[in-house]
file coords.cif (mmCIF, C-alpha atoms)
data_final
loop_
_atom_site.label_atom_id
_atom_site.label_comp_id
_atom_site.auth_asym_id
_atom_site.auth_seq_id
_atom_site.Cartn_x
_atom_site.Cartn_y
_atom_site.Cartn_z
CA MET A 146 -101.12 8.17 22.08
CA SER A 147 -103.10 7.51 18.91
CA ASN A 148 -102.13 10.62 16.94
CA ASN A 149 -98.46 10.42 17.88
CA VAL A 150 -97.65 8.20 14.91
CA ALA A 151 -97.75 9.09 11.23
CA VAL A 152 -97.25 6.71 8.32
CA ALA A 153 -94.65 8.62 6.35
CA GLY A 154 -94.01 6.00 3.68
CA VAL A 155 -95.26 2.68 2.35
CA GLY A 156 -93.96 0.32 -0.29
CA MET A 157 -94.64 -3.10 -1.70
CA ILE A 158 -93.69 -5.26 -4.64
CA PRO A 159 -96.05 -7.16 -6.95
CA PHE A 160 -97.04 -10.48 -5.45
CA THR A 161 -96.19 -13.62 -7.44
CA LYS A 162 -96.83 -17.34 -7.48
CA PRO A 163 -94.34 -19.54 -5.61
CA GLY A 164 -91.26 -20.24 -7.66
CA LYS A 165 -91.61 -17.00 -9.62
CA SER A 166 -90.23 -14.58 -7.04
CA ASP A 167 -86.83 -13.34 -6.01
CA PRO A 168 -85.44 -14.80 -2.77
CA TYR A 169 -87.00 -13.46 0.43
CA ASP A 170 -84.12 -11.14 1.24
CA VAL A 171 -84.18 -9.49 -2.19
CA MET A 172 -87.97 -9.03 -2.00
CA GLY A 173 -87.78 -7.64 1.52
CA ALA A 174 -84.97 -5.22 0.71
CA GLU A 175 -86.85 -3.88 -2.29
CA ALA A 176 -90.07 -3.30 -0.35
CA ALA A 177 -88.11 -1.49 2.36
CA ARG A 178 -86.36 0.67 -0.23
CA ARG A 179 -89.72 1.63 -1.73
CA ALA A 180 -91.16 2.58 1.65
CA LEU A 181 -88.10 4.66 2.53
CA ALA A 182 -88.17 6.37 -0.87
CA ASP A 183 -91.87 7.10 -0.40
CA ALA A 184 -91.06 8.65 2.99
CA GLY A 185 -88.13 10.59 1.56
CA ILE A 186 -85.52 9.31 4.00
CA GLY A 187 -82.58 6.92 3.92
CA TYR A 188 -82.11 3.72 5.85
CA ASP A 189 -79.66 5.55 8.12
CA ALA A 190 -82.62 7.51 9.57
CA VAL A 191 -84.34 4.32 10.81
CA GLN A 192 -83.80 3.78 14.54
CA GLN A 193 -85.56 0.43 14.99
CA ALA A 194 -86.89 -2.19 12.57
CA PHE A 195 -89.44 -4.96 13.04
CA VAL A 196 -89.43 -7.66 10.37
CA GLY A 197 -92.18 -10.23 9.95
CA TYR A 198 -92.11 -13.61 8.22
CA VAL A 199 -93.47 -17.07 9.04
CA PHE A 200 -91.44 -19.48 6.94
CA GLY A 201 -87.76 -18.71 7.32
CA ASP A 202 -84.75 -19.15 9.53
CA SER A 203 -84.05 -16.88 12.47
CA THR A 204 -82.54 -13.47 11.67
CA SER A 205 -83.92 -13.49 8.12
CA GLY A 206 -84.87 -9.88 8.86
CA GLN A 207 -81.23 -8.97 9.22
CA LYS A 208 -80.41 -10.78 5.98
CA ALA A 209 -82.95 -8.63 4.13
CA LEU A 210 -82.14 -5.28 5.74
CA TYR A 211 -78.38 -5.68 5.53
CA HIS A 212 -78.82 -5.08 1.81
CA LEU A 213 -79.67 -1.50 2.83
CA GLY A 214 -76.78 -1.13 5.26
CA GLN A 215 -75.37 -2.27 8.58
CA THR A 216 -76.24 0.59 10.88
CA GLY A 217 -76.31 -1.40 14.12
CA ILE A 218 -79.97 -0.64 14.88
CA PRO A 219 -82.19 -3.12 16.74
CA ILE A 220 -83.85 -5.49 14.25
CA VAL A 221 -86.57 -7.65 15.79
CA ASN A 222 -87.86 -10.70 13.90
CA VAL A 223 -91.62 -11.29 14.28
CA ASN A 224 -93.75 -14.41 13.69
CA ASN A 225 -97.46 -14.28 14.56
CA ASN A 226 -98.86 -16.54 11.86
CA CYS A 227 -100.97 -14.72 9.27
CA SER A 228 -101.13 -11.55 11.39
CA THR A 229 -97.33 -11.27 11.32
CA GLY A 230 -97.09 -8.14 9.14
CA SER A 231 -99.54 -6.20 11.27
CA SER A 232 -97.83 -7.43 14.44
CA ALA A 233 -94.57 -5.92 13.14
CA LEU A 234 -96.43 -2.67 12.44
CA PHE A 235 -97.98 -2.80 15.92
CA MET A 236 -94.51 -3.01 17.47
CA ALA A 237 -93.11 -0.23 15.28
CA ARG A 238 -96.01 2.02 16.14
CA GLN A 239 -95.57 1.32 19.85
CA ALA A 240 -91.89 2.25 19.70
CA VAL A 241 -92.69 5.62 18.16
CA ALA A 242 -95.80 6.33 20.25
CA ALA A 243 -93.89 5.58 23.46
CA GLY A 244 -91.21 8.10 22.50
CA MET A 245 -88.46 5.49 22.32
CA VAL A 246 -87.64 6.41 18.71
CA ASP A 247 -88.76 8.92 16.09
CA VAL A 248 -88.49 6.59 13.09
CA ALA A 249 -89.32 2.88 12.90
CA LEU A 250 -89.58 0.53 9.96
CA ALA A 251 -92.02 -2.37 9.71
CA LEU A 252 -91.21 -4.90 7.00
CA GLY A 253 -92.92 -8.15 6.06
CA PHE A 254 -92.07 -10.76 3.46
CA GLU A 255 -92.70 -14.40 2.59
CA GLN A 256 -91.12 -16.83 0.18
CA MET A 257 -93.69 -19.61 0.00
CA THR A 258 -93.85 -23.02 -1.68
CA PRO A 259 -96.72 -24.32 -3.84
CA GLY A 260 -99.67 -26.04 -2.22
CA ALA A 261 -101.43 -25.84 1.11
CA ILE A 262 -99.49 -24.76 4.19
CA GLN A 263 -98.00 -27.68 6.09
CA GLN A 264 -96.88 -27.96 9.71
CA ALA A 265 -93.15 -27.26 9.79
CA TYR A 266 -92.31 -29.47 12.78
CA THR A 267 -93.92 -32.84 13.47
CA ASP A 268 -91.76 -33.88 16.44
CA ARG A 269 -93.40 -31.47 18.94
CA PRO A 270 -96.87 -30.22 19.93
CA SER A 271 -98.61 -28.10 17.32
CA PRO A 272 -99.66 -24.59 18.40
CA LEU A 273 -103.03 -25.42 16.81
CA GLU A 274 -103.53 -28.62 18.80
CA SER A 275 -106.23 -27.15 21.07
CA PHE A 276 -107.98 -25.60 18.07
CA GLU A 277 -108.00 -28.92 16.23
CA GLN A 278 -109.49 -30.69 19.24
CA VAL A 279 -112.43 -28.26 19.32
CA ARG A 280 -112.91 -28.51 15.55
CA ASP A 281 -112.91 -32.30 15.69
CA GLN A 282 -115.41 -32.35 18.56
CA VAL A 283 -117.79 -30.11 16.63
CA ARG A 284 -117.31 -31.29 13.04
CA GLY A 285 -115.58 -34.65 13.32
CA VAL A 286 -112.04 -35.47 12.25
CA PRO A 287 -111.60 -34.14 8.68
CA ASP A 288 -110.17 -36.03 5.74
CA THR A 289 -106.40 -35.56 5.83
CA SER A 290 -106.46 -34.63 2.13
CA VAL A 291 -108.26 -31.37 2.98
CA PRO A 292 -105.98 -28.38 3.74
CA ASN A 293 -106.02 -27.86 7.50
CA ALA A 294 -106.88 -24.16 7.37
CA ALA A 295 -109.85 -24.86 5.09
CA THR A 296 -111.38 -27.19 7.68
CA PHE A 297 -111.45 -24.35 10.22
CA PHE A 298 -112.80 -21.60 7.99
CA GLY A 299 -115.01 -23.87 5.91
CA GLY A 300 -116.42 -25.38 9.09
CA ALA A 301 -117.20 -21.92 10.50
CA GLY A 302 -118.94 -20.97 7.27
CA GLN A 303 -121.02 -24.14 7.34
CA GLN A 304 -121.98 -23.45 10.95
CA TYR A 305 -123.24 -20.00 9.92
CA VAL A 306 -125.24 -21.56 7.09
CA ASP A 307 -126.80 -24.05 9.50
CA ASP A 308 -127.50 -21.46 12.20
CA HIS A 309 -129.05 -18.85 9.90
CA GLY A 310 -130.54 -20.95 7.10
CA ILE A 311 -128.79 -19.02 4.34
CA ASP A 312 -127.86 -20.22 0.85
CA PRO A 313 -124.19 -21.28 1.04
CA SER A 314 -123.60 -20.00 -2.47
CA VAL A 315 -123.62 -16.46 -1.07
CA PHE A 316 -119.94 -16.84 -0.19
CA ALA A 317 -119.04 -17.20 -3.89
CA HIS A 318 -120.18 -13.62 -4.53
CA ILE A 319 -117.26 -12.43 -2.40
CA THR A 320 -114.73 -13.98 -4.79
CA VAL A 321 -116.50 -12.38 -7.77
CA LYS A 322 -116.30 -9.01 -6.04
CA SER A 323 -112.66 -9.50 -5.08
CA ARG A 324 -111.62 -10.37 -8.64
CA LYS A 325 -113.37 -7.24 -9.94
CA HIS A 326 -111.39 -5.16 -7.48
CA ALA A 327 -108.09 -6.90 -8.26
CA ALA A 328 -108.46 -6.14 -11.96
CA ASN A 329 -107.34 -2.60 -11.06
CA ASN A 330 -104.43 -3.65 -8.84
CA PRO A 331 -101.05 -4.14 -10.58
CA TYR A 332 -99.69 -5.78 -7.40
CA ALA A 333 -102.26 -8.62 -7.42
CA VAL A 334 -101.55 -12.17 -8.61
CA PHE A 335 -105.03 -12.95 -9.97
CA ARG A 336 -106.53 -10.07 -11.94
CA ALA A 337 -108.78 -11.90 -14.41
CA PRO A 338 -112.50 -11.71 -13.59
CA LEU A 339 -114.42 -14.76 -12.46
CA SER A 340 -118.14 -15.30 -12.80
CA PHE A 341 -120.32 -16.62 -10.02
CA GLU A 342 -120.78 -19.82 -12.04
CA GLU A 343 -117.01 -20.27 -12.42
CA VAL A 344 -116.45 -19.87 -8.70
CA MET A 345 -119.14 -22.39 -7.86
CA ALA A 346 -117.90 -24.87 -10.49
CA SER A 347 -114.31 -24.88 -9.17
CA PRO A 348 -113.33 -28.00 -7.18
CA HIS A 349 -115.02 -28.44 -3.81
CA ILE A 350 -112.64 -28.06 -0.86
CA TYR A 351 -114.58 -28.22 2.42
CA GLY A 352 -118.01 -27.16 3.67
CA PRO A 353 -119.29 -24.36 1.43
CA LEU A 354 -115.80 -23.58 0.09
CA THR A 355 -114.70 -24.16 -3.47
CA ARG A 356 -111.16 -23.69 -4.71
CA PHE A 357 -111.69 -20.13 -5.94
CA GLN A 358 -112.93 -19.17 -2.47
CA CYS A 359 -109.54 -19.96 -0.89
CA CYS A 360 -106.52 -17.67 -0.97
CA PRO A 361 -103.43 -18.92 -2.82
CA PRO A 362 -99.91 -19.31 -1.41
CA THR A 363 -97.96 -16.33 -2.69
CA CYS A 364 -94.57 -14.67 -2.48
CA GLY A 365 -94.13 -10.96 -1.82
CA ALA A 366 -93.06 -8.17 0.49
CA ALA A 367 -94.37 -4.86 1.85
CA ALA A 368 -93.17 -2.22 4.30
CA ALA A 369 -94.15 0.93 6.16
CA VAL A 370 -92.19 3.76 7.78
CA VAL A 371 -93.80 5.23 10.88
CA VAL A 372 -92.60 8.48 12.45
CA SER A 373 -93.49 10.98 15.11
CA PRO A 374 -95.26 14.09 13.77
CA GLU A 375 -92.52 16.23 15.32
CA TYR A 376 -89.86 14.40 13.34
CA ALA A 377 -91.97 14.73 10.20
CA ARG A 378 -92.26 18.49 10.70
CA ARG A 379 -88.54 18.92 11.37
CA HIS A 380 -87.56 16.98 8.27
CA GLY A 381 -90.37 17.95 5.91
CA LEU A 382 -91.87 14.45 5.73
CA ARG A 383 -95.45 13.50 5.03
CA SER A 384 -97.65 13.21 8.10
CA ASP A 385 -101.05 13.37 6.40
CA VAL A 386 -101.97 9.79 7.37
CA VAL A 387 -101.90 8.80 11.04
CA ILE A 388 -102.64 5.63 12.95
CA ALA A 389 -105.61 6.79 15.00
CA GLY A 390 -106.13 3.53 16.84
CA GLN A 391 -104.67 0.04 16.95
CA SER A 392 -105.24 -3.11 18.97
CA LEU A 393 -103.67 -6.57 19.04
CA VAL A 394 -105.82 -9.21 20.73
CA THR A 395 -105.07 -12.88 21.38
CA ASP A 396 -107.50 -15.70 22.06
CA LEU A 397 -110.14 -15.52 24.77
CA PRO A 398 -111.80 -18.34 26.74
CA THR A 399 -114.76 -18.19 24.33
CA THR A 400 -112.45 -19.30 21.51
CA PHE A 401 -112.54 -22.86 22.83
CA GLU A 402 -116.17 -23.18 23.88
CA GLY A 403 -117.35 -25.00 20.74
CA ASP A 404 -118.48 -22.17 18.46
CA LEU A 405 -116.48 -22.44 15.24
CA LYS A 406 -116.74 -18.76 14.31
CA ARG A 407 -115.14 -17.96 17.65
CA LEU A 408 -112.55 -20.67 17.10
CA ILE A 409 -111.34 -18.79 14.01
CA GLY A 410 -111.09 -15.41 15.70
CA TYR A 411 -114.52 -13.74 15.72
CA ASP A 412 -114.26 -12.61 19.33
CA MET A 413 -110.66 -11.46 18.91
CA ALA A 414 -111.73 -9.32 15.95
CA ALA A 415 -114.75 -7.91 17.77
CA LYS A 416 -112.73 -7.02 20.86
CA ALA A 417 -109.90 -5.45 18.86
CA ALA A 418 -112.34 -3.47 16.74
CA ALA A 419 -114.20 -2.16 19.80
CA ALA A 420 -110.92 -0.99 21.31
CA VAL A 421 -109.91 0.74 18.08
CA TYR A 422 -113.27 2.47 17.68
CA GLU A 423 -112.99 3.78 21.24
CA GLU A 424 -109.37 4.90 20.90
CA SER A 425 -109.85 6.60 17.55
CA GLY A 426 -113.31 8.03 18.17
CA ILE A 427 -114.26 6.66 14.75
CA GLY A 428 -117.08 4.14 14.45
CA PRO A 429 -117.75 1.59 11.71
CA GLU A 430 -120.43 3.86 10.29
CA ASP A 431 -117.70 6.43 9.50
CA VAL A 432 -115.50 4.00 7.58
CA ARG A 433 -115.70 3.99 3.77
CA VAL A 434 -112.96 1.47 3.00
CA VAL A 435 -111.70 -1.67 4.74
CA GLU A 436 -108.91 -4.13 4.06
CA LEU A 437 -109.81 -7.29 5.97
CA HIS A 438 -108.43 -10.80 6.24
CA ASP A 439 -110.21 -12.83 3.55
CA CYS A 440 -108.08 -15.97 3.66
CA PHE A 441 -111.35 -17.69 2.74
CA THR A 442 -114.62 -16.12 1.61
CA THR A 443 -116.29 -17.42 4.74
CA ASN A 444 -113.90 -15.43 6.91
CA GLU A 445 -114.56 -12.20 5.03
CA PHE A 446 -118.28 -12.85 5.47
CA LEU A 447 -118.00 -13.46 9.22
CA THR A 448 -115.64 -10.52 9.69
CA TYR A 449 -118.24 -8.08 8.32
CA GLU A 450 -120.24 -8.80 11.47
CA ALA A 451 -117.27 -9.05 13.85
CA LEU A 452 -116.14 -5.54 12.85
CA GLY A 453 -119.65 -4.12 13.14
CA LEU A 454 -119.90 -3.27 9.45
CA THR A 455 -123.31 -4.94 9.48
CA PRO A 456 -125.31 -6.29 12.45
CA GLU A 457 -124.98 -9.93 13.45
CA GLY A 458 -127.08 -12.19 11.25
CA THR A 459 -127.25 -9.71 8.32
CA ALA A 460 -124.07 -10.45 6.36
CA GLU A 461 -125.97 -12.31 3.63
CA LYS A 462 -128.06 -9.22 2.84
CA PHE A 463 -124.94 -7.04 3.10
CA VAL A 464 -123.30 -9.12 0.35
CA LEU A 465 -126.32 -9.54 -1.91
CA ASP A 466 -127.16 -5.83 -1.71
CA GLY A 467 -123.62 -4.94 -2.83
CA ASP A 468 -122.90 -2.99 0.34
CA ASN A 469 -119.37 -4.46 0.37
CA THR A 470 -118.22 -2.86 -2.89
CA TYR A 471 -118.16 0.38 -4.89
CA GLY A 472 -121.53 2.10 -4.79
CA GLY A 473 -122.37 0.34 -1.53
CA ARG A 474 -121.85 1.27 2.09
CA VAL A 475 -118.21 0.27 2.56
CA VAL A 476 -115.70 -0.94 -0.02
CA THR A 477 -114.08 -4.09 1.35
CA ASN A 478 -110.71 -5.18 -0.02
CA PRO A 479 -110.34 -2.73 -2.91
CA SER A 480 -106.92 -4.36 -3.44
CA GLY A 481 -108.60 -7.66 -4.27
CA GLY A 482 -107.81 -9.02 -0.85
CA LEU A 483 -105.93 -12.19 -0.06
CA ILE A 484 -108.10 -14.24 -2.40
CA SER A 485 -107.08 -12.27 -5.49
CA LYS A 486 -104.01 -10.29 -4.46
CA GLY A 487 -102.43 -13.30 -2.78
CA HIS A 488 -101.36 -14.08 0.78
CA PRO A 489 -97.60 -14.05 1.45
CA LEU A 490 -98.12 -14.46 5.18
CA GLY A 491 -95.57 -12.03 6.59
CA ALA A 492 -96.29 -9.39 3.97
CA THR A 493 -100.09 -9.39 4.07
CA GLY A 494 -100.65 -6.97 6.96
CA LEU A 495 -98.24 -4.42 5.54
CA ALA A 496 -99.73 -4.76 2.06
CA GLN A 497 -103.09 -3.92 3.64
CA CYS A 498 -101.45 -0.91 5.29
CA ALA A 499 -100.03 0.28 1.97
CA GLU A 500 -103.40 0.01 0.23
CA LEU A 501 -105.18 2.01 2.92
CA VAL A 502 -102.51 4.71 3.03
CA TRP A 503 -102.82 5.08 -0.75
CA GLN A 504 -106.61 5.31 -0.37
CA LEU A 505 -106.34 8.06 2.24
CA ARG A 506 -103.83 9.98 0.13
CA GLY A 507 -106.03 9.67 -2.96
CA GLU A 508 -103.29 7.69 -4.72
CA ALA A 509 -105.11 4.41 -5.36
CA GLY A 510 -105.76 5.05 -9.04
CA ALA A 511 -108.66 3.09 -10.51
CA ARG A 512 -109.25 1.50 -7.09
CA GLN A 513 -109.79 4.87 -5.39
CA VAL A 514 -112.78 5.07 -3.06
CA ASP A 515 -114.44 8.49 -2.93
CA GLY A 516 -114.36 10.58 0.22
CA VAL A 517 -112.03 8.47 2.35
CA GLN A 518 -111.30 10.11 5.70
CA ALA A 519 -110.82 6.95 7.74
CA ALA A 520 -109.78 3.43 6.74
CA LEU A 521 -109.95 0.20 8.73
CA GLN A 522 -107.60 -2.79 8.64
CA HIS A 523 -108.13 -6.32 10.01
CA ASN A 524 -105.39 -8.98 9.98
CA LEU A 525 -105.90 -12.39 11.61
CA GLY A 526 -103.62 -15.27 12.54
CA LEU A 527 -104.87 -18.59 13.88
CA GLY A 528 -103.22 -19.72 17.03
CA GLY A 529 -103.90 -16.80 17.55
CA ALA A 530 -103.66 -13.07 17.13
CA CYS A 531 -105.80 -10.39 15.53
CA VAL A 532 -104.65 -6.86 14.76
CA VAL A 533 -107.16 -4.12 13.93
CA THR A 534 -105.90 -0.68 12.90
CA MET A 535 -107.66 2.59 12.10
CA TYR A 536 -105.93 5.01 9.75
CA GLN A 537 -107.11 8.59 9.47
CA LYS A 538 -106.43 11.61 7.33
CA ALA A 539 -104.67 14.08 9.60
CA ALA A 540 -106.29 17.43 10.25
CA GLY A 541 -104.86 20.26 8.19
#
call {"tool": "encode", "arguments": {"input": "coords.cif", "output": "structure tokens"}}
result
Amino acid sequence: MSNNVAVAGVGMIPFTKPGKSDPYDVMGAEAARRALADAGIGYDAVQQAFVGYVFGDSTSGQKALYHLGQTGIPIVNVNNNCSTGSSALFMARQAVAAGMVDVALALGFEQMTPGAIQQAYTDRPSPLESFEQVRDQVRGVPDTSVPNAATFFGGAGQQYVDDHGIDPSVFAHITVKSRKHAANNPYAVFRAPLSFEEVMASPHIYGPLTRFQCCPPTCGAAAAVVVSPEYARRHGLRSDVVIAGQSLVTDLPTTFEGDLKRLIGYDMAAKAAAAVYEESGIGPEDVRVVELHDCFTTNEFLTYEALGLTPEGTAEKFVLDGDNTYGGRVVTNPSGGLISKGHPLGATGLAQCAELVWQLRGEAGARQVDGVQAALQHNLGLGGACVVTMYQKAAG
């Protein structure tokens, strides 16, 4: 099934700070237009569409895509927290791989508000209730002034520090690296470099995290067109990048056993990655570029080990040796990642897809990683879901 799906087109718009963007439907329509133009087809060729967003009313996907036409196709709205964009791509890829359609569109967008993410509904149980109970048992009930997500990812980072005796300042190097990468990305919100000292001097948030180690709320949109190779051949479309493996994993019993790194998705990521490596026949040692879910520096750090980019317990050396950047073993987040590029929840997974497709095509400009034959993507949502995808340059 893996080589039955080609990524024929990708598109995204520059991410912006909340209040500076167009409305969600305008952003989404533009990203879809760019992906379709990149593929060289019109909206009338799309047979199914999967549209991801977290903060928006039902059928917002229709509102965005109706700008392109009302063709009567199935449009499915997707919400899987921060893994929403990749979940939409997962569904589009399945539709094509199963032979249900030849052309599917995955679109993700988010129109966010300033400040930390808040629970939308307070009159019903929170989907994160069980997660919060484990966190509180392990770390104690956090100060309510601390952003909720930061207590999870900051707590997991502190646990790693305590377990392995590392210097917690190591996490700040990830922000420095990400800003260097983002300087070459015209789609990123924060492109100005930051020094290690500036990252460490920014306001303390929780555990080892400072403000510049946390991703900002952002508005944006991105899209991908996936097609069967047969359709691409018949219509003269690009089929030089294929999805060689993909896995969506939800929480396991180990999530709730009191280990904070597992509470934030370590085991989901490890299981999804193992499935993708087996399906694609490509191991982590063969990957030169990765876009992974760096909502906080601590999560990027832990994900290095979850994906097998470096053995468990060695992520500190991996960072300090520069093996996570240009000239090292694997370039992580050449786009600048969520920390620098921004994190419009529904768009993030498809923005990662776009970056990796450009890398495999050799179209990433100053961000281009040499010799890319395979590219790995990791997109995580608490609550929970984790999508891992392997892209590969097609033979011939």
call {"tool": "residues_around", "arguments": {"input": "coords.cif", "residues": "Glu375 in chain A", "least_positions_apart": "6", "cutoff": "10 Å", "atoms": "only C-alpha atoms", "output": "PyMOL selection string"}}
result
chain A and resi 149-151+247+381-382+384
call {"tool": "resolve_selection", "arguments": {"input": "coords.cif", "expression": "the PyMOL selection byres ((chain A and resi 342-359) around 6)", "output": "ChimeraX atom specification"}}
result
/A:299-300,303,313,320,340-341,360,441-442
call {"tool": "residues_around", "arguments": {"input": "coords.cif", "residues": "range 462-475 of chain A", "least_positions_apart": "5", "cutoff": "7 Å", "atoms": "all atoms listed in the file", "output": "list in words"}}
result
Val432, Arg433, Val434 and Thr455 of chain A
call {"tool": "write_last_selection", "arguments": {"input": "coords.cif", "atoms": "C-alpha atoms", "output": "mmCIF file, in the frame of the given file"}}
result
data_model
loop_
_atom_site.group_PDB
_atom_site.id
_atom_site.type_symbol
_atom_site.label_atom_id
_atom_site.label_comp_id
_atom_site.auth_asym_id
_atom_site.auth_seq_id
_atom_site.Cartn_x
_atom_site.Cartn_y
_atom_site.Cartn_z
ATOM 1 C CA VAL A 432 -115.500 4.000 7.580
ATOM 2 C CA ARG A 433 -115.700 3.990 3.770
ATOM 3 C CA VAL A 434 -112.960 1.470 3.000
ATOM 4 C CA THR A 455 -123.310 -4.940 9.480
#
call {"tool": "atom_distance", "arguments": {"input": "coords.cif", "atom1": "CA of Gln207 in chain A", "atom2": "CA of Ala237 in chain A"}}
result
15.9 Å
call {"tool": "closest_residue", "arguments": {"input": "coords.cif", "among": "A:Leu527, A:Val476, A:Met245, A:Val371", "to": "Val514 in chain A", "atoms": "all atoms listed in the file"}}
result
A:Val476
call {"tool": "resolve_selection", "arguments": {"input": "coords.cif", "expression": "the PyMOL selection byres ((chain A and resi 412-423) around 10)", "output": "JSON, numbers by chain"}}
result
{"A": [147, 389, 390, 391, 392, 393, 394, 395, 396, 397, 398, 399, 400, 406, 407, 408, 409, 410, 411, 424, 425, 426, 427, 428, 429, 448, 450, 451, 452, 453, 521, 522, 523, 524, 525, 529, 530, 531, 532, 533, 534, 535]}
call {"tool": "write_last_selection", "arguments": {"input": "coords.cif", "atoms": "C-alpha atoms", "output": "compact mmCIF listing (two decimals), in the coordinates of the input"}}
result
# COMPACT_ATOMS: atom_id res chain seq x y z
CA SER A 147 -103.10 7.51 18.91
CA ALA A 389 -105.61 6.79 15.00
CA GLY A 390 -106.13 3.53 16.84
CA GLN A 391 -104.67 0.04 16.95
CA SER A 392 -105.24 -3.11 18.97
CA LEU A 393 -103.67 -6.57 19.04
CA VAL A 394 -105.82 -9.21 20.73
CA THR A 395 -105.07 -12.88 21.38
CA ASP A 396 -107.50 -15.70 22.06
CA LEU A 397 -110.14 -15.52 24.77
CA PRO A 398 -111.80 -18.34 26.74
CA THR A 399 -114.76 -18.19 24.33
CA THR A 400 -112.45 -19.30 21.51
CA LYS A 406 -116.74 -18.76 14.31
CA ARG A 407 -115.14 -17.96 17.65
CA LEU A 408 -112.55 -20.67 17.10
CA ILE A 409 -111.34 -18.79 14.01
CA GLY A 410 -111.09 -15.41 15.70
CA TYR A 411 -114.52 -13.74 15.72
CA GLU A 424 -109.37 4.90 20.90
CA SER A 425 -109.85 6.60 17.55
CA GLY A 426 -113.31 8.03 18.17
CA ILE A 427 -114.26 6.66 14.75
CA GLY A 428 -117.08 4.14 14.45
CA PRO A 429 -117.75 1.59 11.71
CA THR A 448 -115.64 -10.52 9.69
CA GLU A 450 -120.24 -8.80 11.47
CA ALA A 451 -117.27 -9.05 13.85
CA LEU A 452 -116.14 -5.54 12.85
CA GLY A 453 -119.65 -4.12 13.14
CA LEU A 521 -109.95 0.20 8.73
CA GLN A 522 -107.60 -2.79 8.64
CA HIS A 523 -108.13 -6.32 10.01
CA ASN A 524 -105.39 -8.98 9.98
CA LEU A 525 -105.90 -12.39 11.61
CA GLY A 529 -103.90 -16.80 17.55
CA ALA A 530 -103.66 -13.07 17.13
CA CYS A 531 -105.80 -10.39 15.53
CA VAL A 532 -104.65 -6.86 14.76
CA VAL A 533 -107.16 -4.12 13.93
CA THR A 534 -105.90 -0.68 12.90
CA MET A 535 -107.66 2.59 12.10
call {"tool": "resolve_selection", "arguments": {"input": "coords.cif", "expression": "the PyMOL selection byres ((chain A and resi 156-166) around 7)", "output": "JSON, numbers by chain"}}
result
{"A": [154, 155, 167, 168, 176, 177, 179, 180, 257, 258, 259, 331, 332, 333, 334, 362, 363, 364, 365, 366, 367, 368, 369, 487, 496, 499]}
call {"tool": "write_last_selection", "arguments": {"input": "coords.cif", "atoms": "C-alpha atoms", "output": "mmCIF file, keeping the file's coordinate frame"}}
result
data_model
loop_
_atom_site.group_PDB
_atom_site.id
_atom_site.type_symbol
_atom_site.label_atom_id
_atom_site.label_comp_id
_atom_site.auth_asym_id
_atom_site.auth_seq_id
_atom_site.Cartn_x
_atom_site.Cartn_y
_atom_site.Cartn_z
ATOM 1 C CA GLY A 154 -94.010 6.000 3.680
ATOM 2 C CA VAL A 155 -95.260 2.680 2.350
ATOM 3 C CA ASP A 167 -86.830 -13.340 -6.010
ATOM 4 C CA PRO A 168 -85.440 -14.800 -2.770
ATOM 5 C CA ALA A 176 -90.070 -3.300 -0.350
ATOM 6 C CA ALA A 177 -88.110 -1.490 2.360
ATOM 7 C CA ARG A 179 -89.720 1.630 -1.730
ATOM 8 C CA ALA A 180 -91.160 2.580 1.650
ATOM 9 C CA MET A 257 -93.690 -19.610 0.000
ATOM 10 C CA THR A 258 -93.850 -23.020 -1.680
ATOM 11 C CA PRO A 259 -96.720 -24.320 -3.840
ATOM 12 C CA PRO A 331 -101.050 -4.140 -10.580
ATOM 13 C CA TYR A 332 -99.690 -5.780 -7.400
ATOM 14 C CA ALA A 333 -102.260 -8.620 -7.420
ATOM 15 C CA VAL A 334 -101.550 -12.170 -8.610
ATOM 16 C CA PRO A 362 -99.910 -19.310 -1.410
ATOM 17 C CA THR A 363 -97.960 -16.330 -2.690
ATOM 18 C CA CYS A 364 -94.570 -14.670 -2.480
ATOM 19 C CA GLY A 365 -94.130 -10.960 -1.820
ATOM 20 C CA ALA A 366 -93.060 -8.170 0.490
ATOM 21 C CA ALA A 367 -94.370 -4.860 1.850
ATOM 22 C CA ALA A 368 -93.170 -2.220 4.300
ATOM 23 C CA ALA A 369 -94.150 0.930 6.160
ATOM 24 C CA GLY A 487 -102.430 -13.300 -2.780
ATOM 25 C CA ALA A 496 -99.730 -4.760 2.060
ATOM 26 C CA ALA A 499 -100.030 0.280 1.970
#
call {"tool": "residues_around", "arguments": {"input": "coords.cif", "residues": "Gly206 in chain A", "least_positions_apart": "4", "cutoff": "7 Å", "atoms": "all atoms listed in the file", "output": "mmCIF file with C-alpha atoms, in the frame of the given file"}}
result
data_model
loop_
_atom_site.group_PDB
_atom_site.id
_atom_site.type_symbol
_atom_site.label_atom_id
_atom_site.label_comp_id
_atom_site.auth_asym_id
_atom_site.auth_seq_id
_atom_site.Cartn_x
_atom_site.Cartn_y
_atom_site.Cartn_z
ATOM 1 C CA VAL A 196 -89.430 -7.660 10.370
ATOM 2 C CA LEU A 210 -82.140 -5.280 5.740
ATOM 3 C CA ASN A 222 -87.860 -10.700 13.900
#
call {"tool": "atom_distance", "arguments": {"input": "coords.cif", "atom1": "CA of Ala377 in chain A", "atom2": "CA of Ile186 in chain A"}}
result
10.5 Å
call {"tool": "atom_distance", "arguments": {"input": "coords.cif", "atom1": "CA of Met236 in chain A", "atom2": "CA of Ser480 in chain A"}}
result
24.4 Å
call {"tool": "closest_residue", "arguments": {"input": "coords.cif", "among": "A:Val171, A:Val241, A:Ala184, A:Gly481", "to": "Lys208 in chain A", "atoms": "all atoms listed in the file"}}
result
A:Val171
